[in-house]
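Each remark here refers to the structure printed beneath this line.
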2 protein chains.
Amino acid sequence: MVTLAEVAKAAGVSPSTVSYVLSGKRAISEPTRARVEQAISLLGYHPHAGARALAGKRSHIIALVVPLHTDVYVPVMMEIAISVTMAARQFGYDVLLITNDEGPDGVRRVARSGLADGVILMDVQMDDPRIAVLRETGTHSALIGLPRDARGLACVDHDFVRAGRLAAEHLAELGHREVAFIGYPAAVYERHAGYAERTRSGFEEGARQLGLRAVHRPCDGTYESVAGVFTRILADRPGTTGFVVQNEGAIGPLLSLLRAAGRVVPEDASVVALCQEPLAEQFSPRLTAVSGPTRELGTRAVELVMSRLNGDVPDDVTLLTPVLSRRESSGRAPTKVA
Amino acid sequence: MVTLAEVAKAAGVSPSTVSYVLSGKRAISEPTRARVEQAISLLGYHPHAGARALAGKRSHIIALVVPLHTDVYVPVMMEIAISVTMAARQFGYDVLLITNDEGPDGVRRVARSGLADGVILMDVQMDDPRIAVLRETGTHSALIGLPRDARGLACVDHDFVRAGRLAAEHLAELGHREVAFIGYPAAVYERHAGYAERTRSGFEEGARQLGLRAVHRPCDGTYESVAGVFTRILADRPGTTGFVVQNEGAIGPLLSLLRAAGRVVPEDASVVALCQEPLAEQFSPRLTAVSGPTRELGTRAVELVMSRLNGDVPDDVTLLTPVLSRRESSGRAPTKVA
DNA sequence: TTGTATGCGTTATCAC
DNA sequence: GTGATAACGCATACAA
């Protein structure tokens, strides 16, 4: 292991000088800085993380708590994790991955041990038990998601209410009168996942105001589940011409089922997906979709934690605005239904 | 911050005793152990990670290097990351997430700074530049994947050659004579991703030995791409009755295209997917699939790193055996093709 | 079975 | 603009 002391000796300066060259916390003459930097790269010196954490009272690590369950769309989680990691590096921080199987204790452990300077929580529930730990330990944090009580917390999330409303508005503008929402598995609503409930309420509220008849149906990702839901919707509301899908796994099956039912998209039925653009592009026809800036969720969360580490502690709830991209799967409502 | 010294005072013992109670590295009488443990939980003590790393020469952290590109099936990556994290916790280790945008330097930084005691590399290329860094720094590591030169390295991966062969064998047994392999995007083969090349060679070799006529086609995940590949296959080899798909995004489109072409699965054409069981279950018909134990990839990698941290340094290449689960998408080859 | 003392590699305070 | 030096909190060799 190359130490700071060795660098100092090689450069012919004191250890403190090397430290200050690295931290930039005091003025260094150009010649000495050059000598020190040369010695550093010559010896391949990297400061010892543990020593730095001990002396500097900062580990330069933030913890990212990821959910275990797989009923959220996994690629989105991964994209967030990666954007968090890359954003953190911009601040000289690394990211520690914590799985939620440790529960709130994981947060406590990481905070109390000084392993992490801050914590980012993903998949935040309306009443999330981890939040109590954040408050109790006074841990700097940012939440990706929106809990019921966000006082004193920094949160960032998609504006799911808006997303749901956008989908309803789009269908209404196209003249659809009866619309159906195919949602996440029932379990997701049962554990009160905010994103699911908020999308639903935005959609239903929007539909109501626009005079649409709307139904909402939870749905697993399997073909059978979608088939069951689809059949039931058409039985209950044969006049349904607009479909909104939030469960990514249900998109493919829904398109197949519409085709099998002889309903051509978008002539006979319109489909609006609530999903990422790349996914929407993969289907045929390409899907009109409502989506938000996923990576920004991660970068914003990191920025929030960083500003809190620097002493700023404003309440902060940021909702990122989703946009609707119109593609081939939505069109004017048919004048007459089969 | 609660320190070990405070715990010692509270329990009426010396600091070293507290330390030894925690590490279990020397015998402690039952009464004092009890007093110490009580003090620990009373004060909510957690050892300071940095101090521990500094004094103990071990950070109790392993780094996991994840790929950036999204052309590998992301849920599998996530599952590995989670299984690595959970397995590491069993050994008292945490996991640091490193994205590959730092390249080999990320590995160097983490190893040289003592931030991590070991490294797990995901998505290992045939000639992976990160491996040189592992060798140069003498870092304890495990690779998920199989590089060209694995000397001195611990590797674990699916036996993709076997997986490809299994798919070919299954189709051969069912009487298919002309088969097509729909693979990953061309870019994946161009960067010589081992899993892609090995699956392909296992499939082609197996097909050859079994007297099958086989074609292999790279394919993007988009509907258009699959349609193009599918059309070309049928044009070149109208007698093709067996399809093997490795690109998860291509599965849905392929099934749609077969249906549109009037080919009923499995009566007119058989489909074998190389994917995880849950995904295979989602389609209709449920897919016959070849899959390997994904989570075990993570746990094995962790075990390999841990044993190396303890001084064992055997060359070790473990290939996990995939299995074929027969479902509804494969059946006897049609006696006559339309 | 327990206590004492030293050192790990930084940061930051004080002095020059 | 630079150099000593005292923490930081823990692990462990050495003593008892």
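Residues in the structure tokens are numbered from 1 in each chain, the chains being A, B, ... in the order shown, and ligands are numbered from 1 in the order shown.
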For this session: Enumerate, as a count of residues only, the complete set of residues in region 100-190 of chain A that a backbone-based DSSP assignment places in strand (DSSP E).
Result: 19
For this session: Would you give me, as a ChimeraX atom specification, the residues of chain D that come within 6 Å of chain B, using only C-alpha atoms (C1' of nucleotides)?
Result: /D:9-11
Those same residues - all heavy atoms - I'd like them written as a compact mmCIF listing (two decimals), in the first residue's frame.
```txt
# COMPACT_ATOMS: atom_id res chain seq x y z
P DG D 9 -14.13 9.19 17.34
OP1 DG D 9 -15.53 9.55 17.06
OP2 DG D 9 -13.50 9.54 18.62
O5' DG D 9 -13.95 7.62 17.14
C5' DG D 9 -14.45 7.03 15.94
C4' DG D 9 -13.97 5.61 15.86
O4' DG D 9 -12.53 5.61 15.75
C3' DG D 9 -14.30 4.76 17.07
O3' DG D 9 -14.83 3.54 16.60
C2' DG D 9 -12.96 4.58 17.78
C1' DG D 9 -12.00 4.62 16.60
N9 DG D 9 -10.65 5.07 16.91
C8 DG D 9 -10.26 5.99 17.85
N7 DG D 9 -8.97 6.19 17.89
C5 DG D 9 -8.46 5.35 16.90
C6 DG D 9 -7.12 5.14 16.47
O6 DG D 9 -6.09 5.67 16.90
N1 DG D 9 -7.05 4.21 15.44
C2 DG D 9 -8.15 3.56 14.90
N2 DG D 9 -7.90 2.70 13.92
N3 DG D 9 -9.41 3.75 15.29
C4 DG D 9 -9.49 4.65 16.29
P DC D 10 -15.22 2.38 17.55
OP1 DC D 10 -16.47 1.82 17.07
OP2 DC D 10 -15.06 2.82 18.93
O5' DC D 10 -14.09 1.32 17.19
C5' DC D 10 -14.10 0.76 15.89
C4' DC D 10 -12.75 0.17 15.59
O4' DC D 10 -11.74 1.06 16.06
C3' DC D 10 -12.48 -1.16 16.27
O3' DC D 10 -12.53 -2.18 15.27
C2' DC D 10 -11.10 -1.03 16.88
C1' DC D 10 -10.59 0.30 16.33
N1 DC D 10 -9.75 1.07 17.27
C2 DC D 10 -8.39 1.07 17.09
O2 DC D 10 -7.90 0.40 16.16
N3 DC D 10 -7.60 1.79 17.94
C4 DC D 10 -8.18 2.51 18.91
N4 DC D 10 -7.38 3.21 19.72
C5 DC D 10 -9.59 2.54 19.10
C6 DC D 10 -10.33 1.81 18.26
P DA D 11 -12.54 -3.70 15.69
OP1 DA D 11 -13.26 -4.45 14.65
OP2 DA D 11 -12.92 -3.82 17.10
O5' DA D 11 -10.98 -4.05 15.55
C5' DA D 11 -10.43 -4.10 14.26
C4' DA D 11 -8.99 -4.53 14.34
O4' DA D 11 -8.24 -3.62 15.17
C3' DA D 11 -8.76 -5.92 14.93
O3' DA D 11 -7.73 -6.54 14.16
C2' DA D 11 -8.32 -5.64 16.37
C1' DA D 11 -7.61 -4.31 16.23
N9 DA D 11 -7.69 -3.41 17.38
C8 DA D 11 -8.79 -3.10 18.13
N7 DA D 11 -8.57 -2.22 19.09
C5 DA D 11 -7.22 -1.92 18.96
C6 DA D 11 -6.37 -1.07 19.66
N6 DA D 11 -6.77 -0.30 20.69
N1 DA D 11 -5.08 -1.00 19.28
C2 DA D 11 -4.68 -1.75 18.24
N3 DA D 11 -5.39 -2.61 17.49
C4 DA D 11 -6.67 -2.64 17.91
```
Problem set entry | Between CA of Ala273 (chain A) and CA of Gly228 (chain A), distance in Å (one decimal) | 18.9 Å
For this session: Taking only C-alpha atoms (C1' of nucleotides) into account, report as a ChimeraX atom specification which residues of chain C lie within 10 Å of chain A.
Result: /C:8-12
For this session: Choose the residue, out of A:Ile120, A:Leu22, A:Met86, A:Leu134, that has the smallest atom-to-atom separation from chain B; count only C-alpha atoms.
Result: A:Met86
For this session: Compile the residues of chain B that lie within 9 Å of chain A, evaluated using only C-alpha atoms, and express the compilation as an NGL selection string.
Result: :B and (1-2 or 44-55 or 59 or 61 or 63 or 66 or 68 or 70 or 73-75 or 77-79 or 81-82 or 85-86 or 94-99 or 101 or 109-110 or 112-115 or 221-224 or 249 or 252-253 or 256 or 279 or 281-286)
For this session: Tell me which protein, DNA and RNA residues are within 7 Å of region 180-183 of chain A, counting only C-alpha atoms (C1' of nucleotides), leaving out same-chain ones fewer than 3 positions away, and put them as a PyMOL selection string.
Result: chain A and resi 214-219+240+242-247
For this session: Within 10 Å of Ala172 (chain A), counting only C-alpha atoms (C1' of nucleotides), which residues show up once you throw out same-chain ones fewer than 2 positions away? Write them as number ranges by chain, please.
Result: A: 166-170, 174-179, 206-207, 210-212, 242, 332-333
For this session: Looking only at helix (DSSP H, G or I) from DSSP on the backbone, list the matching residues of region 230-314 of chain A as a count of residues only.
Result: 42
Problem set entry | Within 8 Å of Ala163 (chain B) using only C-alpha atoms (C1' of nucleotides), minus same-chain residues under 6 positions, as a list in words |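 Selected residues are Thr199, Gly202, Phe203, Leu274, Val290, Ser291, Thr321, Pro322 and Val323 of chain B.
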Dump of all heavy atoms for the selected residues, as a CSV table (one decimal), in the first residue's frame:
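Final output, saved to result08.csv:
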```csv
chain,number,residue,atom,x,y,z
B,199,THR,N,-23.0,-19.7,-26.4
B,199,THR,CA,-24.3,-20.3,-26.7
B,199,THR,C,-24.4,-20.6,-28.2
B,199,THR,O,-24.8,-21.7,-28.6
B,199,THR,CB,-25.4,-19.3,-26.4
B,199,THR,OG1,-25.2,-18.7,-25.1
B,199,THR,CG2,-26.8,-20.0,-26.4
B,202,GLY,N,-22.3,-23.7,-29.0
B,202,GLY,CA,-22.9,-24.9,-28.5
B,202,GLY,C,-24.1,-25.4,-29.3
B,202,GLY,O,-24.3,-26.5,-29.6
B,203,PHE,N,-24.9,-24.4,-29.8
B,203,PHE,CA,-26.0,-24.7,-30.6
B,203,PHE,C,-25.6,-25.2,-32.0
B,203,PHE,O,-26.1,-26.2,-32.4
B,203,PHE,CB,-26.9,-23.4,-30.8
B,203,PHE,CG,-28.0,-23.5,-31.8
B,203,PHE,CD1,-29.1,-24.2,-31.4
B,203,PHE,CD2,-27.9,-23.0,-33.0
B,203,PHE,CE1,-30.2,-24.3,-32.3
B,203,PHE,CE2,-28.9,-23.1,-33.9
B,203,PHE,CZ,-30.1,-23.8,-33.6
B,274,LEU,N,-34.2,-19.2,-24.6
B,274,LEU,CA,-33.1,-19.2,-23.6
B,274,LEU,C,-33.3,-18.1,-22.6
B,274,LEU,O,-32.8,-17.0,-22.9
B,274,LEU,CB,-31.7,-19.1,-24.3
B,274,LEU,CG,-31.5,-20.2,-25.4
B,274,LEU,CD1,-30.2,-19.9,-26.2
B,274,LEU,CD2,-31.4,-21.5,-24.8
B,290,VAL,N,-34.6,-23.0,-21.8
B,290,VAL,CA,-33.4,-23.5,-21.2
B,290,VAL,C,-32.9,-22.3,-20.3
B,290,VAL,O,-32.8,-21.2,-20.7
B,290,VAL,CB,-32.3,-23.7,-22.2
B,290,VAL,CG1,-31.0,-24.1,-21.6
B,290,VAL,CG2,-32.7,-24.8,-23.2
B,291,SER,N,-32.7,-22.7,-19.0
B,291,SER,CA,-32.3,-21.6,-18.1
B,291,SER,C,-31.4,-22.2,-17.0
B,291,SER,O,-31.3,-23.4,-16.8
B,291,SER,CB,-33.5,-21.0,-17.4
B,291,SER,OG,-34.2,-22.0,-16.6
B,321,THR,N,-24.8,-25.8,-14.6
B,321,THR,CA,-25.5,-26.5,-15.6
B,321,THR,C,-26.9,-26.0,-15.8
B,321,THR,O,-27.7,-26.0,-14.9
B,321,THR,CB,-25.6,-28.0,-15.2
B,321,THR,OG1,-24.3,-28.5,-15.0
B,321,THR,CG2,-26.2,-28.9,-16.3
B,322,PRO,N,-27.2,-25.7,-17.1
B,322,PRO,CA,-28.6,-25.2,-17.4
B,322,PRO,C,-29.5,-26.4,-17.5
B,322,PRO,O,-29.1,-27.5,-17.8
B,322,PRO,CB,-28.4,-24.5,-18.7
B,322,PRO,CG,-27.3,-25.2,-19.3
B,322,PRO,CD,-26.4,-25.7,-18.2
B,323,VAL,N,-30.8,-26.2,-17.4
B,323,VAL,CA,-31.8,-27.3,-17.6
B,323,VAL,C,-32.8,-26.8,-18.6
B,323,VAL,O,-33.1,-25.6,-18.7
B,323,VAL,CB,-32.5,-27.7,-16.3
B,323,VAL,CG1,-31.5,-28.3,-15.3
B,323,VAL,CG2,-33.2,-26.6,-15.7
```
For this session: Considering only C-alpha atoms (C1' of nucleotides), return as a PyMOL selection string whatever protein or nucleic-acid residues lie within 10 Å of Met126 (chain B), sequence-local ones (same chain, fewer than 2 positions apart) excluded.
Result: chain B and resi 123-124+128-129+145-150+191-195+197
Exercise. What gap, in Å, lies between CA of Thr139 (chain A) and CA of Gln90 (chain A)?
Worked result: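 Those two atoms sit 21.2 Å apart.
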Problem set entry | Shell of 10 Å around DA5 (chain C), only C-alpha atoms (C1' of nucleotides), local chain residues under 5 positions omitted, as a list in words | DA13, DC14 and DA15 of chain D
Would you save the residues of that selection, restricted to N, CA, C and O atoms (P, O5', C5', C4', C3', O3' and C1' of nucleotides), as a PDB file, in the first residue's frame?
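Contents of out01.pdb, freshly written:
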```pdb
ATOM      1  P    DA D  13      -1.674 -10.059  16.709  1.00  0.00           P
ATOM      2  O5'  DA D  13      -0.139  -9.807  17.085  1.00  0.00           O
ATOM      3  C5'  DA D  13       0.497  -8.595  16.695  1.00  0.00           C
ATOM      4  C4'  DA D  13       1.295  -8.014  17.866  1.00  0.00           C
ATOM      5  C3'  DA D  13       2.032  -9.058  18.711  1.00  0.00           C
ATOM      6  O3'  DA D  13       3.291  -8.526  19.115  1.00  0.00           O
ATOM      7  C1'  DA D  13       0.499  -7.895  20.078  1.00  0.00           C
ATOM      8  P    DC D  14       4.357  -9.418  19.913  1.00  0.00           P
ATOM      9  O5'  DC D  14       4.148  -8.927  21.414  1.00  0.00           O
ATOM     10  C5'  DC D  14       4.245  -7.537  21.704  1.00  0.00           C
ATOM     11  C4'  DC D  14       3.803  -7.291  23.124  1.00  0.00           C
ATOM     12  C3'  DC D  14       4.375  -8.265  24.166  1.00  0.00           C
ATOM     13  O3'  DC D  14       5.017  -7.511  25.178  1.00  0.00           O
ATOM     14  C1'  DC D  14       2.056  -7.964  24.484  1.00  0.00           C
ATOM     15  P    DA D  15       6.038  -8.229  26.216  1.00  0.00           P
ATOM     16  O5'  DA D  15       5.305  -7.835  27.576  1.00  0.00           O
ATOM     17  C5'  DA D  15       3.893  -7.779  27.541  1.00  0.00           C
ATOM     18  C4'  DA D  15       3.355  -7.094  28.768  1.00  0.00           C
ATOM     19  C3'  DA D  15       3.738  -7.794  30.077  1.00  0.00           C
ATOM     20  O3'  DA D  15       3.616  -6.885  31.161  1.00  0.00           O
ATOM     21  C1'  DA D  15       1.457  -8.219  29.545  1.00  0.00           C
TER      22       DA D  15
END
```
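CA of Val229 (chain B) lies 29.2 Å from CA of Asp127 (chain B).
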For this session: Point out the residue among B:Leu171, B:Val302, B:Ala154, B:Ala39 with the least atom-to-atom distance to Ser330 (chain B), counting only C-alpha atoms.
Result: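 Ranking B:Leu171, B:Val302, B:Ala154, B:Ala39 by distance to Ser330 (chain B), first place goes to B:Leu171.
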